[in-house]
Amino acid sequence: MIGFSGPKIRGTCILAASESPLKMSDPIGGPPRAWIAELSNQLVGRIKNKLLAHGAEVDVTTPVVLRGELLAPLDARNKLPPRAFASEGGNVFVWIELDTDPTLVLSLTPRGGGRGRGRCDDVLIATRYGSRSVKSPWAAERW
Amino acid sequence: METLEALKLVDKIAEEACTSLFQAYGVPLETVSAAGIRLPRR
């Protein structure tokens, strides 16, 4: 579980997974708690980059990990069920909780190509001359 | 923008981001209905 907040928007992203997809995705076979924390950090990093293209800039908190059974969002989440995914041997769930100011404006279509904008698999580098986006060699290797 | 409208947008972004994240680690994910999933009992 990891939080994000910015002007007129704040929320929480919950990433839940059963054991199998966690183990299969972990390249070093470390503790599951550490790995799902890392995955949630990367997930919200990707969401953050995409939100930039929609006009919202958010900061991200450090992840918090908990183990539990039958975790479920309340109906207060506007009746939107969690995003559910099936993988070999288990399931993955993602759900977002969001609070927004009524004056928040998000563009429904992403703006691309602008200075400082990145794709979800890019690394954003801030320098004294501004920010730019470069393709991550690690991402290229993975893709 | 209303919260629900923003939530739907961020929700869609999260779905794509989660799929691509696990794919990057070699685990393909298939989007399914949460209602149809039965969690394993201990």
# chains A, B, ... in the order shown; residues from 1 in each chain; ligands from 1
call {"tool": "closest_atom_pairs", "arguments": {"of": "chain B", "to": "chain A", "cutoff": "8 Å", "atoms": "only C-alpha atoms", "output": "CSV"}}
result
residue,atom,partner,partner_atom,distance
B:Met1,CA,A:Leu104,CA,5.5
B:Glu2,CA,A:Pro102,CA,5.8
B:Thr3,CA,A:Thr100,CA,5.4
B:Leu4,CA,A:Asn78,CA,6.9
B:Ala6,CA,A:Leu106,CA,7.3
B:Leu7,CA,A:Leu98,CA,6.2
B:Leu9,CA,A:Leu108,CA,7.4
B:Val10,CA,A:Ile96,CA,7.5
B:Asp11,CA,A:Ile96,CA,6.2
B:Ile13,CA,A:Ile47,CA,6.3
B:Ala14,CA,A:Ile47,CA,6.1
B:Glu15,CA,A:Arg83,CA,6.5
B:Ala17,CA,A:Arg46,CA,6.0
B:Cys18,CA,A:Leu43,CA,6.2
B:Leu21,CA,A:Leu43,CA,6.7
B:Phe22,CA,A:Ser25,CA,6.7
B:Ala24,CA,A:Arg142,CA,5.3
B:Tyr25,CA,A:Ser25,CA,5.1
B:Gly26,CA,A:Ser25,CA,6.3
B:Val27,CA,A:Ser25,CA,6.0
B:Pro28,CA,A:Ser87,CA,6.4
B:Leu29,CA,A:Ser87,CA,5.0
B:Glu30,CA,A:Ala86,CA,5.1
B:Thr31,CA,A:Phe85,CA,4.4
B:Val32,CA,A:Phe85,CA,5.3
B:Ser33,CA,A:Ala84,CA,6.1
B:Ala34,CA,A:Ala84,CA,5.1
call {"tool": "atom_distance", "arguments": {"atom1": "atom CA of Ala56 of chain A", "atom2": "atom CA of Lys12 of chain B"}}
result
15.1 Å
call {"tool": "atom_distance", "arguments": {"atom1": "atom CA of Arg33 of chain A", "atom2": "atom CA of Val65 of chain A"}}
result
6.4 Å
call {"tool": "atom_distance", "arguments": {"atom1": "atom CA of Asp59 of chain A", "atom2": "atom CA of Thr12 of chain A"}}
result
11.5 Å
call {"tool": "select_by_dssp", "arguments": {"residues": "segment 14-43 of chain A", "states": "helix (DSSP H, G or I)", "output": "PyMOL selection string"}}
result
chain A and resi 19-25+32-43
call {"tool": "decode", "arguments": {"residues": "segment 2-41 of chain B", "atoms": "N, CA and C atoms", "output": "PDB file, in the first residue's frame"}}
result
ATOM      1  N   GLU B   2     -15.049  15.569 -11.276  1.00  0.00           N
ATOM      2  CA  GLU B   2     -15.574  14.839 -10.123  1.00  0.00           C
ATOM      3  C   GLU B   2     -14.630  13.706  -9.737  1.00  0.00           C
ATOM      4  N   THR B   3     -14.692  13.342  -8.446  1.00  0.00           N
ATOM      5  CA  THR B   3     -13.792  12.309  -7.940  1.00  0.00           C
ATOM      6  C   THR B   3     -13.980  10.991  -8.689  1.00  0.00           C
ATOM      7  N   LEU B   4     -15.224  10.633  -8.965  1.00  0.00           N
ATOM      8  CA  LEU B   4     -15.471   9.353  -9.628  1.00  0.00           C
ATOM      9  C   LEU B   4     -14.856   9.326 -11.024  1.00  0.00           C
ATOM     10  N   GLU B   5     -14.969  10.442 -11.719  1.00  0.00           N
ATOM     11  CA  GLU B   5     -14.401  10.522 -13.072  1.00  0.00           C
ATOM     12  C   GLU B   5     -12.875  10.393 -13.007  1.00  0.00           C
ATOM     13  N   ALA B   6     -12.271  11.099 -12.026  1.00  0.00           N
ATOM     14  CA  ALA B   6     -10.817  11.006 -11.855  1.00  0.00           C
ATOM     15  C   ALA B   6     -10.420   9.594 -11.435  1.00  0.00           C
ATOM     16  N   LEU B   7     -11.237   8.989 -10.573  1.00  0.00           N
ATOM     17  CA  LEU B   7     -10.935   7.630 -10.115  1.00  0.00           C
ATOM     18  C   LEU B   7     -10.945   6.639 -11.274  1.00  0.00           C
ATOM     19  N   LYS B   8     -11.915   6.785 -12.146  1.00  0.00           N
ATOM     20  CA  LYS B   8     -11.978   5.875 -13.299  1.00  0.00           C
ATOM     21  C   LYS B   8     -10.737   6.019 -14.170  1.00  0.00           C
ATOM     22  N   LEU B   9     -10.278   7.256 -14.323  1.00  0.00           N
ATOM     23  CA  LEU B   9      -9.090   7.485 -15.143  1.00  0.00           C
ATOM     24  C   LEU B   9      -7.852   6.875 -14.476  1.00  0.00           C
ATOM     25  N   VAL B  10      -7.675   7.154 -13.175  1.00  0.00           N
ATOM     26  CA  VAL B  10      -6.492   6.626 -12.472  1.00  0.00           C
ATOM     27  C   VAL B  10      -6.566   5.106 -12.379  1.00  0.00           C
ATOM     28  N   ASP B  11      -7.767   4.589 -12.228  1.00  0.00           N
ATOM     29  CA  ASP B  11      -7.973   3.141 -12.180  1.00  0.00           C
ATOM     30  C   ASP B  11      -7.507   2.482 -13.480  1.00  0.00           C
ATOM     31  N   LYS B  12      -7.859   3.085 -14.594  1.00  0.00           N
ATOM     32  CA  LYS B  12      -7.452   2.552 -15.894  1.00  0.00           C
ATOM     33  C   LYS B  12      -5.933   2.639 -16.048  1.00  0.00           C
ATOM     34  N   ILE B  13      -5.378   3.757 -15.600  1.00  0.00           N
ATOM     35  CA  ILE B  13      -3.918   3.920 -15.651  1.00  0.00           C
ATOM     36  C   ILE B  13      -3.262   2.836 -14.804  1.00  0.00           C
ATOM     37  N   ALA B  14      -3.810   2.582 -13.617  1.00  0.00           N
ATOM     38  CA  ALA B  14      -3.238   1.581 -12.710  1.00  0.00           C
ATOM     39  C   ALA B  14      -3.310   0.187 -13.322  1.00  0.00           C
ATOM     40  N   GLU B  15      -4.392  -0.103 -14.014  1.00  0.00           N
ATOM     41  CA  GLU B  15      -4.531  -1.418 -14.649  1.00  0.00           C
ATOM     42  C   GLU B  15      -3.425  -1.637 -15.685  1.00  0.00           C
ATOM     43  N   GLU B  16      -3.230  -0.634 -16.535  1.00  0.00           N
ATOM     44  CA  GLU B  16      -2.194  -0.750 -17.568  1.00  0.00           C
ATOM     45  C   GLU B  16      -0.807  -0.812 -16.941  1.00  0.00           C
ATOM     46  N   ALA B  17      -0.600  -0.006 -15.910  1.00  0.00           N
ATOM     47  CA  ALA B  17       0.719   0.037 -15.270  1.00  0.00           C
ATOM     48  C   ALA B  17       1.036  -1.292 -14.586  1.00  0.00           C
ATOM     49  N   CYS B  18       0.035  -1.903 -13.959  1.00  0.00           N
ATOM     50  CA  CYS B  18       0.256  -3.174 -13.259  1.00  0.00           C
ATOM     51  C   CYS B  18       0.562  -4.288 -14.259  1.00  0.00           C
ATOM     52  N   THR B  19      -0.199  -4.303 -15.355  1.00  0.00           N
ATOM     53  CA  THR B  19       0.040  -5.325 -16.372  1.00  0.00           C
ATOM     54  C   THR B  19       1.448  -5.208 -16.944  1.00  0.00           C
ATOM     55  N   SER B  20       1.849  -3.985 -17.265  1.00  0.00           N
ATOM     56  CA  SER B  20       3.174  -3.802 -17.872  1.00  0.00           C
ATOM     57  C   SER B  20       4.277  -4.061 -16.859  1.00  0.00           C
ATOM     58  N   LEU B  21       4.016  -3.760 -15.587  1.00  0.00           N
ATOM     59  CA  LEU B  21       5.036  -3.993 -14.548  1.00  0.00           C
ATOM     60  C   LEU B  21       5.330  -5.485 -14.395  1.00  0.00           C
ATOM     61  N   PHE B  22       4.293  -6.286 -14.253  1.00  0.00           N
ATOM     62  CA  PHE B  22       4.519  -7.724 -14.084  1.00  0.00           C
ATOM     63  C   PHE B  22       5.063  -8.340 -15.365  1.00  0.00           C
ATOM     64  N   GLN B  23       4.603  -7.822 -16.510  1.00  0.00           N
ATOM     65  CA  GLN B  23       5.135  -8.318 -17.785  1.00  0.00           C
ATOM     66  C   GLN B  23       6.638  -8.075 -17.859  1.00  0.00           C
ATOM     67  N   ALA B  24       7.069  -6.934 -17.346  1.00  0.00           N
ATOM     68  CA  ALA B  24       8.499  -6.609 -17.364  1.00  0.00           C
ATOM     69  C   ALA B  24       9.305  -7.611 -16.544  1.00  0.00           C
ATOM     70  N   TYR B  25       8.676  -8.223 -15.571  1.00  0.00           N
ATOM     71  CA  TYR B  25       9.361  -9.234 -14.755  1.00  0.00           C
ATOM     72  C   TYR B  25       9.016 -10.655 -15.203  1.00  0.00           C
ATOM     73  N   GLY B  26       8.468 -10.771 -16.391  1.00  0.00           N
ATOM     74  CA  GLY B  26       8.245 -12.088 -16.962  1.00  0.00           C
ATOM     75  C   GLY B  26       6.991 -12.796 -16.503  1.00  0.00           C
ATOM     76  N   VAL B  27       6.063 -12.066 -15.894  1.00  0.00           N
ATOM     77  CA  VAL B  27       4.817 -12.680 -15.421  1.00  0.00           C
ATOM     78  C   VAL B  27       3.637 -12.026 -16.148  1.00  0.00           C
ATOM     79  N   PRO B  28       3.107 -12.675 -17.170  1.00  0.00           N
ATOM     80  CA  PRO B  28       1.949 -12.090 -17.861  1.00  0.00           C
ATOM     81  C   PRO B  28       0.701 -12.132 -16.990  1.00  0.00           C
ATOM     82  N   LEU B  29      -0.035 -11.055 -16.993  1.00  0.00           N
ATOM     83  CA  LEU B  29      -1.279 -10.990 -16.228  1.00  0.00           C
ATOM     84  C   LEU B  29      -2.457 -10.876 -17.174  1.00  0.00           C
ATOM     85  N   GLU B  30      -3.534 -11.528 -16.824  1.00  0.00           N
ATOM     86  CA  GLU B  30      -4.770 -11.434 -17.598  1.00  0.00           C
ATOM     87  C   GLU B  30      -5.818 -10.756 -16.728  1.00  0.00           C
ATOM     88  N   THR B  31      -6.420  -9.709 -17.263  1.00  0.00           N
ATOM     89  CA  THR B  31      -7.451  -9.007 -16.503  1.00  0.00           C
ATOM     90  C   THR B  31      -8.682  -9.890 -16.366  1.00  0.00           C
ATOM     91  N   VAL B  32      -9.161 -10.041 -15.143  1.00  0.00           N
ATOM     92  CA  VAL B  32     -10.344 -10.860 -14.904  1.00  0.00           C
ATOM     93  C   VAL B  32     -11.311 -10.086 -14.010  1.00  0.00           C
ATOM     94  N   SER B  33     -12.483 -10.620 -13.843  1.00  0.00           N
ATOM     95  CA  SER B  33     -13.454  -9.996 -12.951  1.00  0.00           C
ATOM     96  C   SER B  33     -13.143 -10.379 -11.508  1.00  0.00           C
ATOM     97  N   ALA B  34     -13.068  -9.371 -10.644  1.00  0.00           N
ATOM     98  CA  ALA B  34     -12.768  -9.653  -9.239  1.00  0.00           C
ATOM     99  C   ALA B  34     -13.846 -10.519  -8.612  1.00  0.00           C
ATOM    100  N   ALA B  35     -15.065 -10.410  -9.127  1.00  0.00           N
ATOM    101  CA  ALA B  35     -16.175 -11.157  -8.529  1.00  0.00           C
ATOM    102  C   ALA B  35     -16.010 -12.660  -8.712  1.00  0.00           C
ATOM    103  N   GLY B  36     -15.289 -13.048  -9.766  1.00  0.00           N
ATOM    104  CA  GLY B  36     -15.178 -14.465 -10.056  1.00  0.00           C
ATOM    105  C   GLY B  36     -14.004 -15.160  -9.383  1.00  0.00           C
ATOM    106  N   ILE B  37     -13.242 -14.441  -8.583  1.00  0.00           N
ATOM    107  CA  ILE B  37     -12.033 -15.017  -8.009  1.00  0.00           C
ATOM    108  C   ILE B  37     -12.308 -15.607  -6.629  1.00  0.00           C
ATOM    109  N   ARG B  38     -11.896 -16.825  -6.443  1.00  0.00           N
ATOM    110  CA  ARG B  38     -11.997 -17.467  -5.128  1.00  0.00           C
ATOM    111  C   ARG B  38     -10.585 -17.557  -4.567  1.00  0.00           C
ATOM    112  N   LEU B  39     -10.390 -16.935  -3.442  1.00  0.00           N
ATOM    113  CA  LEU B  39      -9.068 -16.953  -2.837  1.00  0.00           C
ATOM    114  C   LEU B  39      -8.839 -18.277  -2.124  1.00  0.00           C
ATOM    115  N   PRO B  40      -7.609 -18.798  -2.187  1.00  0.00           N
ATOM    116  CA  PRO B  40      -7.333 -20.063  -1.512  1.00  0.00           C
ATOM    117  C   PRO B  40      -7.444 -19.926   0.002  1.00  0.00           C
ATOM    118  N   ARG B  41      -7.981 -20.957   0.621  1.00  0.00           N
ATOM    119  CA  ARG B  41      -8.068 -20.968   2.089  1.00  0.00           C
ATOM    120  C   ARG B  41      -6.828 -21.620   2.650  1.00  0.00           C
TER     121      ARG B  41
END
